[in-house]
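> Encoded as structure tokens, here's the structure I'll be asking about.
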Amino acid sequence: MRPCSTVMHLLLRWMRRCGRHSRSRMPRRLKQPVSYIRLIFKSLYFNSLTNSEVVLDCILEPVFWMVEVVTRWFGMVFVFLVVALTSSVVFIAYFCLLPLVLQTYSPGWMMWHICYGHWNLVMIVFHYYKATKTPPGYPPKIKNDVPFVSFCKKCVIPKPARSHHCGICKTCILKMDHHCPWLNNCVGHYNHRYFFSFCLCLTLGCMYCSISGRNLFIDAYNAIDVRLCFLIHLLFCLCSFPFSTTQMFHKSVIYMWVLTSTVAVALGALTLWHAVLITCGETSIERHINNKEAKRLAKRGKVYRNPFSYGKLNNWKVFFGVEKRSHWLTRVLLPSGHTPYGDGLTWDIYPLKKDMMQV
């Protein structure tokens with residue numbers, strides 16, 4: 001603590017000297033930001049709870065603020081990109097690949113591609129729409145008898161268990177996982193299932209396009225004279241005009257395969273991470289909190305147990321809302337708009353755990 005206090009003291013003295021010499025020459029618009037920075041350092045210096053984490057958070061505060069502003073402003077741009085890129089792949093699949101499937105594939109494979117492709121497309125569209133349009137859930141802003149575990153200093157309201165404040169949405173979110181810029185929405189209690197199902201279905205769809213179109217991609221890539229590196233050549237192929245129908249087909253296949261393969265890897269890793277969190281009965285924020293709590297208790301010789309975990313299989317049942325065997329079909333494999341367990345304010349679902357059906 002002493003080295004940290006010494007550093008803060010030296011910084012404060014330096015700012016005082018700079019302020020005395022430049023106060024008369026400082027433009028009026030800069031006086032307020034400089035006063036704000038000086039106040040931050042004073043608060044750090046006079047705070048008895050100051051540690052390295054507090055200092056690091058204060059230093060990175062401008063970065064966090066910039067990320068929040070950019071995410072808030074460009075939320076609709078990210079949504080447009082998702083819709084545009086997905087629509088381009090669907091367009092290529094319908095007008096370039098589907099005629100080829102109908103001409104060359106056997107009836108069995110033809111039915112498989114048509115049925116699976118349309119099921120996957122419906123699941124992607126449904127869950128993305130629900131994830132973007134469904135409110136994640138907000139704590140009540142009026143006085144009530146709901147038990148709370150802390151108090152939000154920004155919203156000035158009690159915070160129920162698993163609730164956290166979102167700096168982008170400027171409000172508290174029930175069972176908050178994170179703010180997703182690709183949804184332009186927070187992922188919380190009421191749309192967490194839609195978000196995960198969208199990620200899972202989009203990953204499966206990209207893997208399907210990448211695997212089934214691998215041979216077409218190799219043929220299309222070999223059909224184009226490769227003289228530049230792959231990425232530059234790909235951009236050149238997509239932007240070059242005019243081109244024949246054959247060239248258009250080859251470039252469309254290359255574009256689709258590169259896009260779906262890249263998304264399959266990146267989004268697949270994200271989906272796998274969220275699957276691990278769901279298995280443990282945690283959110284992204286709670287994983288960080290629980291790890292810190294586990295380390296703190298480990299120093300005392302104790303073991304931390306997540307109070308919101310009901311067992312690996314039961315966590316998935318609670319997450320998907322599975323109450324009987326038929327729900328694996330109607331609520332997991334088919335589009336379903338059912339609400340999750342509970343209201344997001346209290347988490348006493350132990351009777352549900354005890355009476356879980358063997359499904």
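We label chains A, B, ... in the order they appear in the structure tokens, count residues from 1 in each chain, and number ligands from 1 in the order shown.
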Give me the residues near Lys175 (chain A) as a list in words, where near means some atom within 10 Å (using only C-alpha atoms) and where sequence neighbours in that chain fewer than 5 positions away do not count.
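Listed by chain and then number, they are Pro136, Gly137, Tyr138, Pro160, Ala161, Arg162, Ser163, His164, Val187, Gly188, His189, Tyr190, His192, Glu282, Thr283, Ile285, Glu286, Gly344 and Leu345 of chain A.
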> Would you save the residues from that selection as a JSON list (two decimals), in the first residue's frame, using N, CA, C and O atoms?

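Result file selection-v8.json:
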```json
[["chain", "number", "residue", "atom", "x", "y", "z"],
["A", 136, "PRO", "N", -34.41, -8.40, -21.87],
["A", 136, "PRO", "CA", -33.72, -9.37, -21.01],
["A", 136, "PRO", "C", -34.31, -9.49, -19.62],
["A", 136, "PRO", "O", -34.06, -10.48, -18.93],
["A", 137, "GLY", "N", -35.09, -8.50, -19.20],
["A", 137, "GLY", "CA", -35.66, -8.49, -17.85],
["A", 137, "GLY", "C", -35.00, -7.43, -16.98],
["A", 137, "GLY", "O", -33.77, -7.33, -16.96],
["A", 138, "TYR", "N", -35.83, -6.66, -16.29],
["A", 138, "TYR", "CA", -35.32, -5.56, -15.48],
["A", 138, "TYR", "C", -35.88, -5.66, -14.06],
["A", 138, "TYR", "O", -37.05, -6.03, -13.87],
["A", 160, "PRO", "N", -31.61, -7.62, -7.18],
["A", 160, "PRO", "CA", -31.81, -9.02, -6.81],
["A", 160, "PRO", "C", -30.58, -9.86, -7.15],
["A", 160, "PRO", "O", -29.64, -9.39, -7.81],
["A", 161, "ALA", "N", -30.58, -11.09, -6.69],
["A", 161, "ALA", "CA", -29.47, -12.00, -6.98],
["A", 161, "ALA", "C", -29.31, -12.18, -8.48],
["A", 161, "ALA", "O", -30.29, -12.23, -9.22],
["A", 162, "ARG", "N", -28.07, -12.25, -8.94],
["A", 162, "ARG", "CA", -27.68, -12.47, -10.33],
["A", 162, "ARG", "C", -27.94, -11.26, -11.23],
["A", 162, "ARG", "O", -27.82, -11.37, -12.45],
["A", 163, "SER", "N", -28.34, -10.13, -10.66],
["A", 163, "SER", "CA", -28.58, -8.92, -11.45],
["A", 163, "SER", "C", -27.32, -8.07, -11.48],
["A", 163, "SER", "O", -26.58, -8.00, -10.49],
["A", 164, "HIS", "N", -27.09, -7.40, -12.61],
["A", 164, "HIS", "CA", -25.93, -6.54, -12.76],
["A", 164, "HIS", "C", -26.31, -5.33, -13.61],
["A", 164, "HIS", "O", -27.26, -5.38, -14.40],
["A", 187, "VAL", "N", -28.04, -9.73, -22.96],
["A", 187, "VAL", "CA", -28.42, -11.13, -22.80],
["A", 187, "VAL", "C", -28.70, -11.34, -21.32],
["A", 187, "VAL", "O", -27.80, -11.25, -20.48],
["A", 188, "GLY", "N", -29.97, -11.58, -21.01],
["A", 188, "GLY", "CA", -30.38, -11.72, -19.62],
["A", 188, "GLY", "C", -31.32, -12.89, -19.42],
["A", 188, "GLY", "O", -31.33, -13.86, -20.19],
["A", 189, "HIS", "N", -32.15, -12.78, -18.38],
["A", 189, "HIS", "CA", -32.98, -13.90, -17.95],
["A", 189, "HIS", "C", -33.94, -14.36, -19.04],
["A", 189, "HIS", "O", -34.09, -15.57, -19.28],
["A", 190, "TYR", "N", -34.59, -13.44, -19.72],
["A", 190, "TYR", "CA", -35.67, -13.81, -20.64],
["A", 190, "TYR", "C", -35.21, -14.09, -22.07],
["A", 190, "TYR", "O", -36.00, -14.65, -22.85],
["A", 192, "HIS", "N", -31.79, -15.28, -22.74],
["A", 192, "HIS", "CA", -30.55, -16.05, -22.73],
["A", 192, "HIS", "C", -30.67, -17.31, -23.59],
["A", 192, "HIS", "O", -29.75, -17.65, -24.35],
["A", 282, "GLU", "N", -23.82, -21.07, -14.57],
["A", 282, "GLU", "CA", -23.23, -19.74, -14.40],
["A", 282, "GLU", "C", -23.49, -18.88, -15.62],
["A", 282, "GLU", "O", -23.84, -19.38, -16.70],
["A", 283, "THR", "N", -23.30, -17.58, -15.45],
["A", 283, "THR", "CA", -23.23, -16.65, -16.56],
["A", 283, "THR", "C", -21.78, -16.20, -16.73],
["A", 283, "THR", "O", -20.91, -16.56, -15.93],
["A", 285, "ILE", "N", -20.51, -13.25, -16.30],
["A", 285, "ILE", "CA", -20.12, -12.40, -15.17],
["A", 285, "ILE", "C", -19.92, -13.25, -13.92],
["A", 285, "ILE", "O", -18.97, -13.05, -13.15],
["A", 286, "GLU", "N", -20.83, -14.20, -13.70],
["A", 286, "GLU", "CA", -20.74, -15.03, -12.50],
["A", 286, "GLU", "C", -19.51, -15.93, -12.53],
["A", 286, "GLU", "O", -18.99, -16.28, -11.45],
["A", 344, "GLY", "N", -36.82, -14.31, -12.51],
["A", 344, "GLY", "CA", -35.51, -13.67, -12.51],
["A", 344, "GLY", "C", -35.20, -12.88, -11.27],
["A", 344, "GLY", "O", -34.10, -12.34, -11.14],
["A", 345, "LEU", "N", -36.15, -12.79, -10.33],
["A", 345, "LEU", "CA", -35.94, -12.04, -9.09],
["A", 345, "LEU", "C", -35.51, -12.94, -7.95],
["A", 345, "LEU", "O", -34.65, -12.58, -7.15]]
```
> Using backbone DSSP assignments, extract all strand (DSSP E or B) residues from region 112-256 of chain A; output them as a list of chain:residue names.
A:Ser150, A:Phe151, A:Cys152, A:Ile157, A:Pro158, A:Lys159, A:His164, A:His165, A:Cys166, A:Thr171, A:Cys172, A:Ile173, A:His178, A:His179, A:Cys180, A:Asn185, A:Cys186, A:Val187
> Using only C-alpha atoms, find each residue in region 121-173 of chain A having at least one atom no more than 10 Å away from region 86-100 of chain A; report its shortest atom-to-atom pair and that distance in Å (one decimal), rows by chain then rising number, as JSON lines.

```
{"residue": "A:Leu121", "atom": "CA", "partner": "A:Val90", "partner_atom": "CA", "distance": 8.4}
{"residue": "A:Ile124", "atom": "CA", "partner": "A:Thr86", "partner_atom": "CA", "distance": 9.5}
{"residue": "A:Val125", "atom": "CA", "partner": "A:Thr86", "partner_atom": "CA", "distance": 9.5}
```
> Write the residues of the preceding selection, restricted to C-alpha atoms, as a compact mmCIF listing (two decimals), in the first residue's frame.

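The file below, selection_22.txt, is the result:
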```
# COMPACT_ATOMS: atom_id res chain seq x y z
CA LEU A 121 -32.59 -21.50 -41.47
CA ILE A 124 -31.57 -19.17 -36.98
CA VAL A 125 -34.13 -16.56 -38.05
```
> Between CA of Pro62 (chain A) and CA of Ile40 (chain A), what is the distance, to one decimal in Å?
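Between these atoms lies a distance of 12.1 Å.
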> Using DSSP on the backbone coordinates, identify all residues within region 110-219 of chain A classified as alpha helix (DSSP H); present the result as a count of residues only.
51
> Looking at only C-alpha atoms, which of A:Ile254, A:Cys180, A:Leu277, A:Asn191 is the one that sits closest to Leu216 (chain A)?
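The answer is A:Ile254, which sits nearest to Leu216 (chain A).
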> My list of candidates is A:His179, A:His127, A:Arg214, A:Arg287. Which is closest to Cys199 (chain A) when distances are computed with only C-alpha atoms?
A:His127
